[in-house]
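In what follows, a single structure is set out as structure tokens and then discussed.
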Amino acid sequence: MLAILNKFKRFSQYKSDILSGLTVSLALVPEAVAFALVAGVGPLVGLYAAFLVGLITSAIGGRPGMISGATGALAVVMVSLVAQHGVQYLFATVVVMGILQILAGILRLGKFIRLVPHSVMLGFVNGLAIVIFLAQLEQFKTIGMDGAKVWLSGEPLYLMLGLVVLTMAIIVLLPRLTKAVPSSLAAIIGVSLLVIGFNLDTLAVGDVASIAGSLPSFALPEVPVSWETVTIIFPYAVILAAIGLIESLLTISVIDEMTDTVGQNNRECVAQGLANTVTGCFGGMGGCAMIGQSMINVNSGGRGRLSGLVAAVMLLVFILFASSLIERIPLAALTGVMFMVVIGTFEWSSFRILRKIPKTDAFVLILVSVVTVWTDLAIGVIVGVIVSALAFAWSHAKHIRVDTLFNEEGSKVYELHGPLFFGSVSHFMALFDPKSDPEDVIVDFRYSRVCDHSGLEAIDTLAERYVKAGKKLHLRHLTDECRFLLSRAQGLVEVNVLEDPGYHLASDKLG
């Protein structure tokens, strides 16, 4: 009986993965085309990237259920490269980008995503939700008489809004009736049949670009092998690799939280790198994790690798055999799906907690959201981490203090409390007065910790001041590492094997 139940569960999950993968593949088409146009390349360059990156990362990546493909964060960086040097330089850059990402995985750099504070994560998802929302507003524009894009008005606008609202209503209400079919897939099919059946005049995928094509073919990027080529592509490759990994690893964290599972960051780095290396050799623009499509997949029941594989394979099927059908899907249906993604992605609880969390965290949350919208995701996250680190250092710089007392021998004892690091060095030095202190002084580090080389330099400087004042200084309870690294104060350190602490400096490779 248990075996039958397990088989039924597996079958049910396979069914969910297949249907959710089909839903994602339909939503991938306009996104891949749009990002390709943003980068200044042909639609098939974006579609090939979505197929290859999605296929490889789904097969060997570190986060089953996560969808990868061409993204806007990468496209906005690529546009200047393509404009100045052409698409072949882009393909070469994507190959180098992939190699850098593979190295990041091998060197296990994925663990550094743990340094991203929760406030930065909230700002990241909120900013990304706003970016997705703003991107969908482009669907409410059409080509005007002068060739420029203008906002829809009148009947076309009302029809577009009505279809978007209908799509969203189906997604919300259908699960109350049945969960046999992903509501997003049912909404896309239902609205498409309505538009085609009643011959409604509204924008469709085919109005943006044709997606018909052939199988991607292998070809090494046609760029000259020279130092000049390296100087052109390498800076772009570094930026793209960083943006791709940051967005992918943060998306892993979001999905981990949604599904109560744990992804493998370093494995995902290698998979993303291999996918981009291959994609650059097959005429694709490269890519990374797509949080919007990943949210569609997870919310539609996709949990396993099969969902991503189905999405990638079906995308290729659309390109080869079903382009005429897919091009008839109304953009309103896909826009409605993405609006639901926006609603599901945005952390609405952040409004409620803004007054409850520390002001610095609230500031970082808002700052990351704004920077993400105005620049890109990677810059937003990097700015958030830097501001959070500076705020942490500033707050902890004031935590260092001393308790002073005199022992039985008449020596003045400074019992230091709190971390000694670059932020607290100035306050640390102000705690002592070599000129007014007695002849014999003891500085006890039992309740303190020397965190970096700035702290060591401060100890050395303090020792030098007491020596110049003609006073005897004793430094107690420092680690072996501290004693070894001190240059001027080594002879003043008292060694107590049983009581001295044994930590390492944060800047030391052993730490």
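FYI, nothing fancy with the structure tokens labels: chains A, B, ... in order, residues from 1 per chain, ligands from 1 as they appear.
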>> What's around Ile211 in chain A at 10 Å? Count only C-alpha atoms, leave out sequence neighbours fewer than 5 positions away in its own chain, and write the answer as JSON, numbers by chain.
In response: {"A": [29, 30, 33, 42, 43, 44, 47, 205, 206, 315, 318, 319, 320, 322, 323, 324, 326, 327]}
>> Would you pick out the contacts of range 71-76 of chain A at 6 Å or less, using only C-alpha atoms, so that residues sharing its chain but fewer than 5 positions from it are not included, and give the list as a list in words?
In response: Phe35, Ala39, Gly287 and Asp376 of chain A
> So how far away is CA of Ala289 in chain A from CA of Phe91 in chain A, in Å?
Replying inline: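 These atoms are spaced 18.7 Å apart.
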>> Could you check the closest approach to Gly286 in chain A for each of A:Ala70, A:Ile382, A:Leu274, A:Val450 and tell me which residue wins, using only C-alpha atoms?
In response: A:Ala70
> Any idea what's packed within 10 Å of Val385 in chain A, counting only C-alpha atoms, ignoring anything in its chain fewer than 2 positions away? Could you give it as a ChimeraX atom specification?
Replying inline: /A:115-117,119-121,364,368,379-383,387-391
For the residues in that selection, give me C-alpha atoms as a PDB file, in the first residue's frame.
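Done, and the output landed in result-v3.pdb:
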```pdb
ATOM      1  CA  LEU A 115      26.775  37.931   3.832  1.00  0.00           C
ATOM      2  CA  VAL A 116      23.630  39.453   2.323  1.00  0.00           C
ATOM      3  CA  PRO A 117      21.474  40.749   5.232  1.00  0.00           C
ATOM      4  CA  SER A 119      16.914  43.719   4.835  1.00  0.00           C
ATOM      5  CA  VAL A 120      18.875  43.602   1.557  1.00  0.00           C
ATOM      6  CA  MET A 121      16.958  40.457   0.543  1.00  0.00           C
ATOM      7  CA  VAL A 364      18.665  49.709   3.651  1.00  0.00           C
ATOM      8  CA  VAL A 368      18.061  48.637  -2.183  1.00  0.00           C
ATOM      9  CA  ILE A 379      24.318  47.331  -7.920  1.00  0.00           C
ATOM     10  CA  GLY A 380      21.307  47.470  -5.603  1.00  0.00           C
ATOM     11  CA  VAL A 381      22.466  44.421  -3.652  1.00  0.00           C
ATOM     12  CA  ILE A 382      26.115  45.565  -3.498  1.00  0.00           C
ATOM     13  CA  VAL A 383      25.086  49.020  -2.251  1.00  0.00           C
ATOM     14  CA  VAL A 387      25.654  50.285   3.714  1.00  0.00           C
ATOM     15  CA  SER A 388      24.666  47.460   6.085  1.00  0.00           C
ATOM     16  CA  ALA A 389      28.321  46.689   6.804  1.00  0.00           C
ATOM     17  CA  LEU A 390      29.127  50.337   7.482  1.00  0.00           C
ATOM     18  CA  ALA A 391      26.084  50.674   9.739  1.00  0.00           C
TER      19      ALA A 391
END
```
>> DSSP on the backbone: which residues in range 189-393 of chain A end up as alpha helix (DSSP H)? Give the answer as a PyMOL selection string.
In response: chain A and resi 189-197+205-208+227-259+265-280+291-299+305-320+323-326+331-345+349-353+359-374+377-393
> So which residues of range 221-466 of chain A fall under strand (DSSP E) by DSSP, listed as a count of residues only?
Replying inline: 28
Taking only residues of range 116-210 of chain A that have an atom at most 8 Å from an atom of range 23-28 of chain A, what is each one's shortest atom pair and its distance in Å to one decimal, using only C-alpha atoms, in chain and number order, as JSON lines?
```
{"residue": "A:Pro182", "atom": "CA", "partner": "A:Thr23", "partner_atom": "CA", "distance": 7.7}
{"residue": "A:Ser184", "atom": "CA", "partner": "A:Thr23", "partner_atom": "CA", "distance": 6.6}
{"residue": "A:Leu185", "atom": "CA", "partner": "A:Thr23", "partner_atom": "CA", "distance": 4.9}
```
Export, as a PDB file, in the first residue's frame, the selected residues with N, CA and C atoms.
```pdb
ATOM      1  N   PRO A 182      -2.490  23.957 -13.579  1.00  0.00           N
ATOM      2  CA  PRO A 182      -1.997  25.253 -13.073  1.00  0.00           C
ATOM      3  C   PRO A 182      -2.877  26.388 -13.558  1.00  0.00           C
ATOM      4  N   SER A 184      -2.299  29.493 -13.977  1.00  0.00           N
ATOM      5  CA  SER A 184      -1.669  30.383 -14.960  1.00  0.00           C
ATOM      6  C   SER A 184      -1.788  29.815 -16.366  1.00  0.00           C
ATOM      7  N   LEU A 185      -1.566  28.490 -16.518  1.00  0.00           N
ATOM      8  CA  LEU A 185      -1.702  27.845 -17.820  1.00  0.00           C
ATOM      9  C   LEU A 185      -3.138  27.912 -18.310  1.00  0.00           C
TER      10      LEU A 185
END
```
> From the list A:Met160, A:Leu55, A:Ile291, A:Leu309, which residue is nearest Ala204 in chain A when using only C-alpha atoms?
Replying inline: A:Met160
> What lies within 12 Å of Met258 in chain A using only C-alpha atoms, ignoring chain neighbours under 3 positions off, as a PyMOL selection string?
Replying inline: chain A and resi 65-66+251-255+261-263+294-295+297-299+301+303+344-345
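Computed from the coordinates, the CA of Ile366 in chain A to CA of Asp256 in chain A distance equals 23.1 Å.
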Neighbouring residues of Ala187 in chain A were defined as those with any atom within 12 Å, considering only C-alpha atoms; residues of the same chain fewer than 6 positions away were excluded. Please report them as a PDB file with N, CA and C atoms, in the first residue's frame.
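What ended up in selection.pdb:
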```
ATOM      1  N   THR A  23       3.583  26.006 -18.653  1.00  0.00           N
ATOM      2  CA  THR A  23       3.164  27.376 -18.328  1.00  0.00           C
ATOM      3  C   THR A  23       4.342  28.338 -18.418  1.00  0.00           C
ATOM      4  N   LEU A  26       5.496  29.250 -22.007  1.00  0.00           N
ATOM      5  CA  LEU A  26       4.677  30.262 -22.674  1.00  0.00           C
ATOM      6  C   LEU A  26       5.045  31.668 -22.201  1.00  0.00           C
ATOM      7  N   ALA A  27       5.333  31.790 -20.897  1.00  0.00           N
ATOM      8  CA  ALA A  27       5.704  33.101 -20.352  1.00  0.00           C
ATOM      9  C   ALA A  27       7.122  33.496 -20.741  1.00  0.00           C
ATOM     10  N   LEU A 163      -8.786  42.137 -20.617  1.00  0.00           N
ATOM     11  CA  LEU A 163      -8.178  40.810 -20.766  1.00  0.00           C
ATOM     12  C   LEU A 163      -7.152  40.543 -19.665  1.00  0.00           C
ATOM     13  N   VAL A 164      -6.410  41.583 -19.276  1.00  0.00           N
ATOM     14  CA  VAL A 164      -5.450  41.421 -18.179  1.00  0.00           C
ATOM     15  C   VAL A 164      -6.183  41.080 -16.884  1.00  0.00           C
ATOM     16  N   VAL A 165      -7.257  41.812 -16.586  1.00  0.00           N
ATOM     17  CA  VAL A 165      -8.043  41.565 -15.371  1.00  0.00           C
ATOM     18  C   VAL A 165      -8.666  40.169 -15.414  1.00  0.00           C
ATOM     19  N   LEU A 166      -9.161  39.749 -16.580  1.00  0.00           N
ATOM     20  CA  LEU A 166      -9.741  38.415 -16.716  1.00  0.00           C
ATOM     21  C   LEU A 166      -8.691  37.343 -16.440  1.00  0.00           C
ATOM     22  N   THR A 167      -7.498  37.532 -16.977  1.00  0.00           N
ATOM     23  CA  THR A 167      -6.404  36.576 -16.734  1.00  0.00           C
ATOM     24  C   THR A 167      -6.095  36.468 -15.239  1.00  0.00           C
ATOM     25  N   MET A 168      -5.991  37.608 -14.581  1.00  0.00           N
ATOM     26  CA  MET A 168      -5.688  37.603 -13.155  1.00  0.00           C
ATOM     27  C   MET A 168      -6.819  36.970 -12.352  1.00  0.00           C
ATOM     28  N   ALA A 169      -8.057  37.205 -12.758  1.00  0.00           N
ATOM     29  CA  ALA A 169      -9.205  36.627 -12.051  1.00  0.00           C
ATOM     30  C   ALA A 169      -9.195  35.110 -12.153  1.00  0.00           C
ATOM     31  N   ILE A 170      -8.874  34.589 -13.347  1.00  0.00           N
ATOM     32  CA  ILE A 170      -8.811  33.132 -13.515  1.00  0.00           C
ATOM     33  C   ILE A 170      -7.728  32.537 -12.620  1.00  0.00           C
ATOM     34  N   ILE A 171      -6.577  33.197 -12.575  1.00  0.00           N
ATOM     35  CA  ILE A 171      -5.467  32.686 -11.754  1.00  0.00           C
ATOM     36  C   ILE A 171      -5.855  32.648 -10.277  1.00  0.00           C
ATOM     37  N   VAL A 172      -6.605  33.645  -9.820  1.00  0.00           N
ATOM     38  CA  VAL A 172      -6.995  33.720  -8.409  1.00  0.00           C
ATOM     39  C   VAL A 172      -8.128  32.748  -8.082  1.00  0.00           C
ATOM     40  N   LEU A 173      -9.126  32.662  -8.972  1.00  0.00           N
ATOM     41  CA  LEU A 173     -10.358  31.927  -8.652  1.00  0.00           C
ATOM     42  C   LEU A 173     -10.301  30.446  -9.009  1.00  0.00           C
ATOM     43  N   LEU A 174      -9.571  30.067 -10.063  1.00  0.00           N
ATOM     44  CA  LEU A 174      -9.582  28.664 -10.492  1.00  0.00           C
ATOM     45  C   LEU A 174      -9.120  27.693  -9.407  1.00  0.00           C
ATOM     46  N   PRO A 175      -8.059  27.999  -8.641  1.00  0.00           N
ATOM     47  CA  PRO A 175      -7.633  27.047  -7.600  1.00  0.00           C
ATOM     48  C   PRO A 175      -8.705  26.737  -6.571  1.00  0.00           C
ATOM     49  N   VAL A 181      -5.050  21.579 -12.921  1.00  0.00           N
ATOM     50  CA  VAL A 181      -4.279  22.288 -13.949  1.00  0.00           C
ATOM     51  C   VAL A 181      -3.765  23.590 -13.344  1.00  0.00           C
ATOM     52  N   LEU A 193      -8.016  31.515 -26.327  1.00  0.00           N
ATOM     53  CA  LEU A 193      -9.164  30.986 -27.066  1.00  0.00           C
ATOM     54  C   LEU A 193     -10.254  32.043 -27.205  1.00  0.00           C
ATOM     55  N   LEU A 194     -10.456  32.833 -26.163  1.00  0.00           N
ATOM     56  CA  LEU A 194     -11.456  33.905 -26.215  1.00  0.00           C
ATOM     57  C   LEU A 194     -11.098  34.928 -27.286  1.00  0.00           C
ATOM     58  N   ILE A 329      -0.851  34.104 -29.241  1.00  0.00           N
ATOM     59  CA  ILE A 329      -1.197  34.305 -27.824  1.00  0.00           C
ATOM     60  C   ILE A 329      -1.240  35.805 -27.537  1.00  0.00           C
ATOM     61  N   PRO A 330      -2.331  36.303 -26.974  1.00  0.00           N
ATOM     62  CA  PRO A 330      -2.413  37.745 -26.686  1.00  0.00           C
ATOM     63  C   PRO A 330      -1.436  38.151 -25.593  1.00  0.00           C
ATOM     64  N   ALA A 332      -1.879  40.367 -23.533  1.00  0.00           N
ATOM     65  CA  ALA A 332      -2.649  40.656 -22.321  1.00  0.00           C
ATOM     66  C   ALA A 332      -2.646  39.474 -21.366  1.00  0.00           C
ATOM     67  N   ALA A 333      -2.744  38.254 -21.909  1.00  0.00           N
ATOM     68  CA  ALA A 333      -2.751  37.062 -21.051  1.00  0.00           C
ATOM     69  C   ALA A 333      -1.424  36.913 -20.323  1.00  0.00           C
ATOM     70  N   LEU A 334      -0.310  37.097 -21.053  1.00  0.00           N
ATOM     71  CA  LEU A 334       1.013  36.974 -20.440  1.00  0.00           C
ATOM     72  C   LEU A 334       1.276  38.125 -19.471  1.00  0.00           C
ATOM     73  N   THR A 335       0.747  39.302 -19.798  1.00  0.00           N
ATOM     74  CA  THR A 335       0.890  40.440 -18.890  1.00  0.00           C
ATOM     75  C   THR A 335       0.152  40.195 -17.584  1.00  0.00           C
ATOM     76  N   GLY A 336      -1.044  39.619 -17.677  1.00  0.00           N
ATOM     77  CA  GLY A 336      -1.805  39.290 -16.468  1.00  0.00           C
ATOM     78  C   GLY A 336      -1.073  38.297 -15.586  1.00  0.00           C
ATOM     79  N   VAL A 337      -0.436  37.307 -16.221  1.00  0.00           N
ATOM     80  CA  VAL A 337       0.349  36.326 -15.458  1.00  0.00           C
ATOM     81  C   VAL A 337       1.497  37.014 -14.734  1.00  0.00           C
ATOM     82  N   MET A 338       2.192  37.913 -15.424  1.00  0.00           N
ATOM     83  CA  MET A 338       3.329  38.600 -14.814  1.00  0.00           C
ATOM     84  C   MET A 338       2.884  39.566 -13.718  1.00  0.00           C
ATOM     85  N   MET A 340       0.476  38.967 -11.695  1.00  0.00           N
ATOM     86  CA  MET A 340       0.298  38.089 -10.527  1.00  0.00           C
ATOM     87  C   MET A 340       1.646  37.711  -9.919  1.00  0.00           C
TER      88      MET A 340
END
```
>> For a quick check of understanding, using only C-alpha atoms, which of A:Ile188, A:Leu478, A:Glu347, A:Val95 has the smallest distance to Val278 in chain A?
In response: A:Val95
> Pick from A:Ile400, A:Val94, A:Val310, A:Ile56: nearest to Ala430 in chain A, with only C-alpha atoms counted?
Replying inline: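 Under the stated criterion, the closest residue is A:Ile400.
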Taking a cut-off of 8 Å and counting only C-alpha atoms, can you build a table that, for each residue of range 10-124 of chain A near range 217-240 of chain A, reports the nearest atom pair and how far apart they are in Å (one decimal), sorted by chain then residue number, as a Markdown table?
```
| residue | atom | partner | partner_atom | distance |
| --- | --- | --- | --- | --- |
| A:Leu74 | CA | A:Leu240 | CA | 6.2 |
| A:Val77 | CA | A:Leu240 | CA | 7.3 |
| A:Met78 | CA | A:Tyr236 | CA | 7.8 |
| A:Leu81 | CA | A:Tyr236 | CA | 7.8 |
| A:Gln88 | CA | A:Pro221 | CA | 5.4 |
| A:Tyr89 | CA | A:Val223 | CA | 6.4 |
| A:Leu90 | CA | A:Ile233 | CA | 7.8 |
| A:Phe91 | CA | A:Pro221 | CA | 5.8 |
| A:Ala92 | CA | A:Pro221 | CA | 5.4 |
| A:Thr93 | CA | A:Ile233 | CA | 5.2 |
| A:Val94 | CA | A:Ala237 | CA | 6.6 |
| A:Val96 | CA | A:Ala237 | CA | 5.9 |
| A:Met97 | CA | A:Ala237 | CA | 4.5 |
| A:Leu100 | CA | A:Val238 | CA | 7.3 |
```
Please produce a file of the residues just selected, as a PDB file, in the first residue's frame, where the atoms kept are C-alpha atoms.
```
ATOM      1  CA  LEU A  74      22.213  41.291 -18.163  1.00  0.00           C
ATOM      2  CA  VAL A  77      24.868  45.767 -19.705  1.00  0.00           C
ATOM      3  CA  MET A  78      25.144  44.030 -23.074  1.00  0.00           C
ATOM      4  CA  LEU A  81      28.952  46.154 -26.073  1.00  0.00           C
ATOM      5  CA  GLN A  88      30.122  38.302 -32.154  1.00  0.00           C
ATOM      6  CA  TYR A  89      31.899  40.154 -29.359  1.00  0.00           C
ATOM      7  CA  LEU A  90      28.831  39.516 -27.213  1.00  0.00           C
ATOM      8  CA  PHE A  91      29.070  35.769 -27.843  1.00  0.00           C
ATOM      9  CA  ALA A  92      32.771  35.804 -26.919  1.00  0.00           C
ATOM     10  CA  THR A  93      32.001  37.781 -23.762  1.00  0.00           C
ATOM     11  CA  VAL A  94      29.309  35.279 -22.752  1.00  0.00           C
ATOM     12  CA  VAL A  96      34.350  34.222 -20.834  1.00  0.00           C
ATOM     13  CA  MET A  97      31.532  35.129 -18.444  1.00  0.00           C
ATOM     14  CA  LEU A 100      34.482  33.043 -14.657  1.00  0.00           C
TER      15      LEU A 100
END
```
> So which residues touch Val131 in chain A within 9 Å, counting only C-alpha atoms, skipping near sequence neighbours fewer than 2 positions away, as a VMD selection string?
Replying inline: chain A and resid 126 to 129 133 to 136 342 372 to 374
> What does the distance from CA of Arg267 in chain A to CA of Tyr14 in chain A come to in Å, to one decimal?
Replying inline: 23.6 Å
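Residues in contact with range 350-352 of chain A at up to 9 Å, not including ones fewer than 6 positions away on its chain and judged by only C-alpha atoms, are Leu122, Gly123, Asn126, Ala362 and Leu365 of chain A.
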May I have the selected residues written with C-alpha atoms, as a PDB file, in the first residue's frame?
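Resulting contents of result-v3.pdb:
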```pdb
ATOM      1  CA  LEU A 122      13.647  42.230   1.163  1.00  0.00           C
ATOM      2  CA  GLY A 123      14.810  45.249  -0.829  1.00  0.00           C
ATOM      3  CA  ASN A 126      10.662  44.411  -3.699  1.00  0.00           C
ATOM      4  CA  ALA A 362      14.487  50.077   7.168  1.00  0.00           C
ATOM      5  CA  LEU A 365      15.434  47.982   2.588  1.00  0.00           C
TER       6      LEU A 365
END
```
> Hey, which of A:Gly40, A:Met145, A:Asp444, A:Pro216 ends up closest to Gly280 in chain A? Count only C-alpha atoms.
Replying inline: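 Of A:Gly40, A:Met145, A:Asp444, A:Pro216, the one nearest Gly280 in chain A is A:Pro216, counting only C-alpha atoms.
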